[in-house]
Every structure is written in structure tokens, then in C-alpha cells.
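These notes concern the structure reproduced below.
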Amino acid sequence: MTPDLQTAGAERLQHWREHEQTRGGSGGRSASFGRPVRGDEPDFAHGVALYLDDITVSFDGFRALNALSLAINVGELRCIIGPNGAGKTTMMDVITGKTRPDAGSATFGQNIDLLRLRENAIAQIGIGRKFQKPTVYEQLSVFENLELALAADRRVRASLFSRLSGEQLDRIGEVMALIHLTAQAQRTAGLLSHGQKQWLEIGMLLMQDPKLLLLDEPVAGMTDEETERTAELFLSLEGQHSLVVVEHDMKFVEQLTEGWKKVTVLHEGRVLAEGTLSDVQANQQVVEVYLGR
Ligand SMILES: Nc1ncnc2c1ncn2[C@@H]1O[C@H](COP(=O)(O)OP(=O)(O)OP(=O)(O)O)[C@@H](O)[C@H]1O
Ligand SMILES: [Mg+2]
């Protein structure tokens, strides 16, 4: 962490405090839902990060998910592919509490029933989601965006109101390095390239240290070079986080799977095939519904 970054951080913080005061504060701690109590912490001791079992979602009788079952291990990087309308985004909507399934169960770790939690609480227990369109604060700098993401975590909000600790500044520095934006720390986010905005948003998710990251078409609209860098970023996150990556870009999927990781193919709301990328590419049904198009 360079001293000028620390000075800049302090200045930004002052700025942000003033901003908070003019809009009447954050609502205070009473406005928070609070962290889950100890017994409600996710338990990853058995190595499973996420378990979906027999999930069905119907929209006016149409089954967007049809008895979908899927398990993701702790630290696993899983790519999910499949044709348009297969239910990939709907699956993420279920995991994050945006859509309630008609049937089935969704468990985070060994013990957390996701279907009983609201979106907000799901984000708080460690599930981060990246939507396709980057949603960064365009008028704020890269650093300020990351700072705000830190503040969104109510575990650290109270301390952030007094000052950023050295540890928090270090974390911002670490994340900026991971997302290749250290040199852009003071740059207004609105001036970043599309790919850089995507990385910044991923960085904002990382500030909350999610156990599970859901990434829906993260490289759509990126240049080839940005796509490659994104794959490197995800590979560096693997192990410390579980990542579920939905993508149509097969070159990207190939880079992520490194020839051996499991890929899941969704079709008509359920798992059509699972295996290495070359396994599923050789699967006749997969070729028919998706790859052979
Ligand atoms: N809110 C909704 N109301 C009605 N139908 C919906 C709704 N959300 C999704 N669907 C339908 O459910 C199906 C699955 O959609 P979903 O967005 O999950 O597919 P996807 O696999 O993410 O596709 P894509 O690759 O195009 O992003 C589609 O037929 C879609 O039209
Ligand atoms: Mg989708």
C-alpha cells in the first residue's frame, strides 16, 4: 500500500462521510438485518458449498427449471453452459433469492436453507452475484467504488465510519492488484473500458469476501485480451472461493477448465450432461441442442 493511496483513502472517506450526513446517514445499525447468529453461519466442513436438489421454477406453467439438481464444492470453479433459455440465469435467481422455486431445496454449505432467506441476507452470508451489465458508480473513482463495497458489508460498516483500518486499506490494495486496476485507482470509473468496469464490479464483490461467486456471462462484450485476463483472474480466485461461471464463450470456458474440470450443460431447466469440456463436446445430445447450432 503506497502512502498516497492511504492519504487519498482518508480524503475520500471524509468526502463520503459528508455525503452520508447530507442524506441523513445510512439508517444506522437499527436499519440493518444483522449478521446471522453463530448457529446460522454456513458450515463448509463437508466440502460442499452449494447443493440444489430437484428445483422447479414455473412461469405460467412453463418450467424454466425442471427438477434441477446440482452440487458445487468448496473452492470449485464450475462452468455452466447451455443454449439460450436453458434456465442458467433462472438458476442464479433461485440461489440469490430473487426467484422462489415451486419445489426443491437449495442449501449453502451443510446447513443454510437458502429458500428461507431474503436476497439481502443471502448476500450477507457470502454469496456474491455478478450481473451481465456492470453496475459500478460511474462518477466515483476505482478506489471509492471499492471503499463503498467494503462499507456495504455491515460487519465492517461501524469501523469504516470512524476510519479505514490498515487492514481494510490493504484489502482494497490487494483487490485492485487482482483486478489489474492499481494504476487506475484514482480514475473515474465512468472512464474505464467495458472490461475494466466488469473487473471493478468483480472487485466490489470480492471486497465482501464471498464464499460463492455467481458470474453470469462475465466476458460478454470484452475484447479477446480482456477475456483472457478475466480467465486468469477467475483461476486465481479458485480455491479461495467457489465460482459458478455461466458463459457461451467456449474459448473462455476452455481456458477456465484447463482440460480437466467439470462442466455442466443445462438444457430445458435441468442437467443434460456433466463432465470435462471434451466429454460434453463429444456428447451427441449436447451437440444437437447446443454446440452444433
Ligand atoms: N420472469 C420470467 N417470466 C416468464 N418467463 C421467464 C422469466 N424469466 C425467465 N423466463 C423464461 O425461462 C426460460 C429460462 O430463462 P433463463 O433466462 O434462465 O435462460 P438462460 O439459460 O439464462 O438463457 P440465456 O443463455 O439466453 O441467458 C426462458 O424460456 C425464459 O423466457
Ligand atoms: Mg441468461
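In the C-alpha cells, each chain is lettered A, B, ... as it comes, each chain's residues begin at 1, and ligands are numbered from 1 in order of appearance.
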
Within 9 Å of ligand 2, counting only C-alpha atoms and all ligand atoms: which residues, as a ChimeraX atom specification? /A:84-90,92,132,216-217,246-247

Kindly provide the residues of chain A that approach ligand 1 to within 12 Å, each paired with its closest atom pair and their distance in Å to one decimal, based on only C-alpha atoms and all ligand atoms, listed by chain and increasing number, as JSON lines.
{"residue": "A:Thr56", "atom": "CA", "partner": "ligand 1", "partner_atom_place_in_ligand_line": "12 (O)", "distance": 11.3}
{"residue": "A:Val57", "atom": "CA", "partner": "ligand 1", "partner_atom_place_in_ligand_line": "12 (O)", "distance": 8.6}
{"residue": "A:Ser58", "atom": "CA", "partner": "ligand 1", "partner_atom_place_in_ligand_line": "5 (N)", "distance": 8.0}
{"residue": "A:Phe59", "atom": "CA", "partner": "ligand 1", "partner_atom_place_in_ligand_line": "4 (C)", "distance": 4.8}
{"residue": "A:Asp60", "atom": "CA", "partner": "ligand 1", "partner_atom_place_in_ligand_line": "4 (C)", "distance": 7.1}
{"residue": "A:Gly61", "atom": "CA", "partner": "ligand 1", "partner_atom_place_in_ligand_line": "4 (C)", "distance": 9.5}
{"residue": "A:Phe62", "atom": "CA", "partner": "ligand 1", "partner_atom_place_in_ligand_line": "5 (N)", "distance": 7.4}
{"residue": "A:Arg63", "atom": "CA", "partner": "ligand 1", "partner_atom_place_in_ligand_line": "12 (O)", "distance": 7.1}
{"residue": "A:Ala64", "atom": "CA", "partner": "ligand 1", "partner_atom_place_in_ligand_line": "12 (O)", "distance": 4.1}
{"residue": "A:Leu65", "atom": "CA", "partner": "ligand 1", "partner_atom_place_in_ligand_line": "14 (C)", "distance": 7.3}
{"residue": "A:Asn66", "atom": "CA", "partner": "ligand 1", "partner_atom_place_in_ligand_line": "14 (C)", "distance": 10.4}
{"residue": "A:Ile80", "atom": "CA", "partner": "ligand 1", "partner_atom_place_in_ligand_line": "21 (O)", "distance": 9.4}
{"residue": "A:Ile81", "atom": "CA", "partner": "ligand 1", "partner_atom_place_in_ligand_line": "21 (O)", "distance": 8.1}
{"residue": "A:Gly82", "atom": "CA", "partner": "ligand 1", "partner_atom_place_in_ligand_line": "21 (O)", "distance": 6.4}
{"residue": "A:Pro83", "atom": "CA", "partner": "ligand 1", "partner_atom_place_in_ligand_line": "25 (O)", "distance": 5.6}
{"residue": "A:Asn84", "atom": "CA", "partner": "ligand 1", "partner_atom_place_in_ligand_line": "26 (O)", "distance": 3.4}
{"residue": "A:Gly85", "atom": "CA", "partner": "ligand 1", "partner_atom_place_in_ligand_line": "19 (O)", "distance": 3.4}
{"residue": "A:Ala86", "atom": "CA", "partner": "ligand 1", "partner_atom_place_in_ligand_line": "21 (O)", "distance": 3.7}
{"residue": "A:Gly87", "atom": "CA", "partner": "ligand 1", "partner_atom_place_in_ligand_line": "18 (O)", "distance": 3.2}
{"residue": "A:Lys88", "atom": "CA", "partner": "ligand 1", "partner_atom_place_in_ligand_line": "21 (O)", "distance": 3.7}
{"residue": "A:Thr89", "atom": "CA", "partner": "ligand 1", "partner_atom_place_in_ligand_line": "22 (O)", "distance": 3.7}
{"residue": "A:Thr90", "atom": "CA", "partner": "ligand 1", "partner_atom_place_in_ligand_line": "18 (O)", "distance": 3.7}
{"residue": "A:Met91", "atom": "CA", "partner": "ligand 1", "partner_atom_place_in_ligand_line": "18 (O)", "distance": 6.4}
{"residue": "A:Met92", "atom": "CA", "partner": "ligand 1", "partner_atom_place_in_ligand_line": "18 (O)", "distance": 8.1}
{"residue": "A:Asp93", "atom": "CA", "partner": "ligand 1", "partner_atom_place_in_ligand_line": "18 (O)", "distance": 8.2}
{"residue": "A:Val94", "atom": "CA", "partner": "ligand 1", "partner_atom_place_in_ligand_line": "18 (O)", "distance": 9.9}
{"residue": "A:Lys98", "atom": "CA", "partner": "ligand 1", "partner_atom_place_in_ligand_line": "1 (N)", "distance": 10.1}
{"residue": "A:Thr99", "atom": "CA", "partner": "ligand 1", "partner_atom_place_in_ligand_line": "1 (N)", "distance": 8.4}
{"residue": "A:Arg100", "atom": "CA", "partner": "ligand 1", "partner_atom_place_in_ligand_line": "1 (N)", "distance": 11.0}
{"residue": "A:Pro101", "atom": "CA", "partner": "ligand 1", "partner_atom_place_in_ligand_line": "1 (N)", "distance": 11.9}
{"residue": "A:Phe131", "atom": "CA", "partner": "ligand 1", "partner_atom_place_in_ligand_line": "27 (O)", "distance": 10.9}
{"residue": "A:Gln132", "atom": "CA", "partner": "ligand 1", "partner_atom_place_in_ligand_line": "27 (O)", "distance": 9.5}
{"residue": "A:Leu215", "atom": "CA", "partner": "ligand 1", "partner_atom_place_in_ligand_line": "22 (O)", "distance": 11.4}
{"residue": "A:Asp216", "atom": "CA", "partner": "ligand 1", "partner_atom_place_in_ligand_line": "27 (O)", "distance": 8.1}
{"residue": "A:Glu217", "atom": "CA", "partner": "ligand 1", "partner_atom_place_in_ligand_line": "27 (O)", "distance": 7.9}
{"residue": "A:Pro218", "atom": "CA", "partner": "ligand 1", "partner_atom_place_in_ligand_line": "27 (O)", "distance": 11.6}
{"residue": "A:Ala220", "atom": "CA", "partner": "ligand 1", "partner_atom_place_in_ligand_line": "27 (O)", "distance": 11.0}
{"residue": "A:Val245", "atom": "CA", "partner": "ligand 1", "partner_atom_place_in_ligand_line": "22 (O)", "distance": 11.6}
{"residue": "A:Val246", "atom": "CA", "partner": "ligand 1", "partner_atom_place_in_ligand_line": "22 (O)", "distance": 8.3}
{"residue": "A:Glu247", "atom": "CA", "partner": "ligand 1", "partner_atom_place_in_ligand_line": "25 (O)", "distance": 7.9}
{"residue": "A:His248", "atom": "CA", "partner": "ligand 1", "partner_atom_place_in_ligand_line": "25 (O)", "distance": 7.3}
{"residue": "A:Asp249", "atom": "CA", "partner": "ligand 1", "partner_atom_place_in_ligand_line": "25 (O)", "distance": 11.0}
{"residue": "A:Val265", "atom": "CA", "partner": "ligand 1", "partner_atom_place_in_ligand_line": "21 (O)", "distance": 10.1}
{"residue": "A:Leu266", "atom": "CA", "partner": "ligand 1", "partner_atom_place_in_ligand_line": "21 (O)", "distance": 7.5}
{"residue": "A:His267", "atom": "CA", "partner": "ligand 1", "partner_atom_place_in_ligand_line": "21 (O)", "distance": 7.8}
{"residue": "A:Glu268", "atom": "CA", "partner": "ligand 1", "partner_atom_place_in_ligand_line": "14 (C)", "distance": 7.7}
{"residue": "A:Gly269", "atom": "CA", "partner": "ligand 1", "partner_atom_place_in_ligand_line": "14 (C)", "distance": 7.1}
{"residue": "A:Arg270", "atom": "CA", "partner": "ligand 1", "partner_atom_place_in_ligand_line": "21 (O)", "distance": 10.3}
{"residue": "A:Val271", "atom": "CA", "partner": "ligand 1", "partner_atom_place_in_ligand_line": "21 (O)", "distance": 11.6}
{"residue": "A:Tyr290", "atom": "CA", "partner": "ligand 1", "partner_atom_place_in_ligand_line": "25 (O)", "distance": 10.6}

One-decimal distance in Å that lies between CA of Leu213 in chain A and CA of Leu150 in chain A: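 CA of Leu213 in chain A lies 16.2 Å from CA of Leu150 in chain A.
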
According to DSSP computed on the backbone, where in range 45-230 of chain A is there alpha helix (DSSP H)? Give the residues as a ChimeraX atom specification. /A:88-95,119-124,142-151,154-162,166-178,194-206,224-230

So how far away is CA of Ala71 in chain A from CA of Thr107 in chain A, in Å?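 Pair CA of Thr107 in chain A / CA of Ala71 in chain A returns 9.5 Å.
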
Got a sec: who's within 7 Å of range 45-52 of chain A, counting only C-alpha atoms, leaving out chain neighbours fewer than 2 positions off, as a list in words?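 Surrounding residues, per the criterion: Asp43, Asp54, Ile55, Ser69, Leu70, Ala71, Ile72, Asn73, Val74, Ser105, Ala106, Thr107, Phe108, Gly109 and Gln110 of chain A.
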
If you keep N, CA and C atoms, can you produce a file of those selected residues as a CSV table (one decimal), in the first residue's frame?
chain,number,residue,atom,x,y,z
A,43,ASP,N,-21.8,-23.8,7.2
A,43,ASP,CA,-20.8,-24.8,7.6
A,43,ASP,C,-20.3,-25.5,6.4
A,54,ASP,N,-33.5,-30.9,-7.0
A,54,ASP,CA,-34.9,-31.0,-7.5
A,54,ASP,C,-35.6,-29.7,-7.6
A,55,ILE,N,-34.9,-28.7,-8.1
A,55,ILE,CA,-35.5,-27.3,-8.1
A,55,ILE,C,-36.4,-27.2,-9.3
A,69,SER,N,-30.9,-30.5,-10.3
A,69,SER,CA,-30.1,-30.9,-9.1
A,69,SER,C,-28.6,-30.6,-9.5
A,70,LEU,N,-27.9,-30.0,-8.6
A,70,LEU,CA,-26.5,-29.6,-8.9
A,70,LEU,C,-25.7,-29.4,-7.5
A,71,ALA,N,-24.5,-29.8,-7.5
A,71,ALA,CA,-23.7,-29.6,-6.3
A,71,ALA,C,-22.4,-29.0,-6.7
A,72,ILE,N,-22.0,-27.9,-5.9
A,72,ILE,CA,-20.7,-27.2,-6.2
A,72,ILE,C,-19.8,-27.4,-4.9
A,73,ASN,N,-18.6,-27.8,-5.1
A,73,ASN,CA,-17.7,-28.0,-4.0
A,73,ASN,C,-17.1,-26.7,-3.5
A,74,VAL,N,-16.6,-26.7,-2.3
A,74,VAL,CA,-15.9,-25.6,-1.7
A,74,VAL,C,-14.6,-25.4,-2.6
A,105,SER,N,-35.0,-27.9,-3.0
A,105,SER,CA,-34.2,-27.3,-2.0
A,105,SER,C,-32.9,-26.7,-2.5
A,106,ALA,N,-32.5,-25.7,-1.8
A,106,ALA,CA,-31.2,-25.0,-2.1
A,106,ALA,C,-30.5,-24.8,-0.8
A,107,THR,N,-29.3,-25.4,-0.7
A,107,THR,CA,-28.6,-25.4,0.6
A,107,THR,C,-27.2,-24.8,0.4
A,108,PHE,N,-26.8,-23.9,1.2
A,108,PHE,CA,-25.5,-23.2,1.2
A,108,PHE,C,-24.7,-23.9,2.3
A,109,GLY,N,-23.5,-24.4,2.0
A,109,GLY,CA,-22.8,-25.2,3.0
A,109,GLY,C,-23.6,-26.4,3.3
A,110,GLN,N,-23.4,-26.9,4.6
A,110,GLN,CA,-24.2,-28.0,5.0
A,110,GLN,C,-25.6,-27.7,5.5

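Counting from CA of Glu119 in chain A, the distance to CA of Leu77 in chain A is 22.8 Å.
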
Nearest candidate to Val244 in chain A (options A:Arg116, A:Lys130, A:Arg171, A:Arg187; using only C-alpha atoms):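 For Val244 in chain A, the nearest of the given residues is A:Lys130.
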
Return the single residue from A:Ala189, A:Leu277, A:Leu68, A:Leu181 that is closest to Met250 in chain A, with distances computed using only C-alpha atoms.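 Once distances to Met250 in chain A are computed over only C-alpha atoms, the minimum belongs to A:Leu277.
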
Could you pull the residues within 12 Å of range 134-141 of chain A, counting only C-alpha atoms, minus those fewer than 2 positions along the same chain, as a ChimeraX atom specification? /A:8-9,12,15-16,129-132,143-149,176,181-205,215-222

Would you give me, as an NGL selection string, the residues in range 102-276 of chain A that DSSP reads as strand (DSSP E or B)? :A and (103-108 or 112-113 or 127-130 or 141 or 188 or 212-216 or 238 or 241-246 or 263-267 or 270-275)

Output for the residues just chosen: C-alpha atoms as a PDB file, in the first residue's frame:
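Output (out30.pdb):
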ATOM      1  CA  ALA A 103     -40.340 -27.146  -5.412  1.00  0.00           C
ATOM      2  CA  GLY A 104     -36.945 -28.401  -4.349  1.00  0.00           C
ATOM      3  CA  SER A 105     -34.250 -27.294  -1.957  1.00  0.00           C
ATOM      4  CA  ALA A 106     -31.204 -25.047  -2.095  1.00  0.00           C
ATOM      5  CA  THR A 107     -28.583 -25.369   0.609  1.00  0.00           C
ATOM      6  CA  PHE A 108     -25.489 -23.240   1.199  1.00  0.00           C
ATOM      7  CA  ILE A 112     -28.165 -22.947   5.370  1.00  0.00           C
ATOM      8  CA  ASP A 113     -31.558 -23.262   3.723  1.00  0.00           C
ATOM      9  CA  ILE A 127     -22.994 -15.332  -1.944  1.00  0.00           C
ATOM     10  CA  GLY A 128     -21.960 -12.649  -4.425  1.00  0.00           C
ATOM     11  CA  ARG A 129     -23.514 -12.218  -7.838  1.00  0.00           C
ATOM     12  CA  LYS A 130     -22.254 -10.501 -10.920  1.00  0.00           C
ATOM     13  CA  SER A 141     -13.050   6.570  -8.657  1.00  0.00           C
ATOM     14  CA  THR A 188     -13.262   7.872 -12.536  1.00  0.00           C
ATOM     15  CA  LEU A 212     -19.523 -18.356  -3.503  1.00  0.00           C
ATOM     16  CA  LEU A 213     -19.403 -16.125  -6.572  1.00  0.00           C
ATOM     17  CA  LEU A 214     -22.001 -16.363  -9.325  1.00  0.00           C
ATOM     18  CA  LEU A 215     -20.926 -14.884 -12.648  1.00  0.00           C
ATOM     19  CA  ASP A 216     -23.451 -14.641 -15.457  1.00  0.00           C
ATOM     20  CA  GLU A 238     -10.380 -20.640  -7.489  1.00  0.00           C
ATOM     21  CA  HIS A 241     -13.890 -19.008  -3.406  1.00  0.00           C
ATOM     22  CA  SER A 242     -16.296 -21.288  -5.195  1.00  0.00           C
ATOM     23  CA  LEU A 243     -17.135 -19.838  -8.604  1.00  0.00           C
ATOM     24  CA  VAL A 244     -20.095 -20.652 -10.804  1.00  0.00           C
ATOM     25  CA  VAL A 245     -19.478 -19.220 -14.252  1.00  0.00           C
ATOM     26  CA  VAL A 246     -22.167 -19.157 -16.925  1.00  0.00           C
ATOM     27  CA  VAL A 263     -18.545 -28.580 -16.901  1.00  0.00           C
ATOM     28  CA  THR A 264     -22.316 -28.719 -16.507  1.00  0.00           C
ATOM     29  CA  VAL A 265     -24.616 -28.470 -19.512  1.00  0.00           C
ATOM     30  CA  LEU A 266     -28.110 -27.203 -18.789  1.00  0.00           C
ATOM     31  CA  HIS A 267     -30.977 -27.745 -21.183  1.00  0.00           C
ATOM     32  CA  ARG A 270     -32.172 -29.485 -15.997  1.00  0.00           C
ATOM     33  CA  VAL A 271     -28.712 -31.001 -16.266  1.00  0.00           C
ATOM     34  CA  LEU A 272     -28.259 -32.581 -19.668  1.00  0.00           C
ATOM     35  CA  ALA A 273     -24.643 -33.617 -19.216  1.00  0.00           C
ATOM     36  CA  GLU A 274     -21.668 -33.208 -16.913  1.00  0.00           C
ATOM     37  CA  GLY A 275     -18.018 -33.967 -17.499  1.00  0.00           C
TER      38      GLY A 275
END
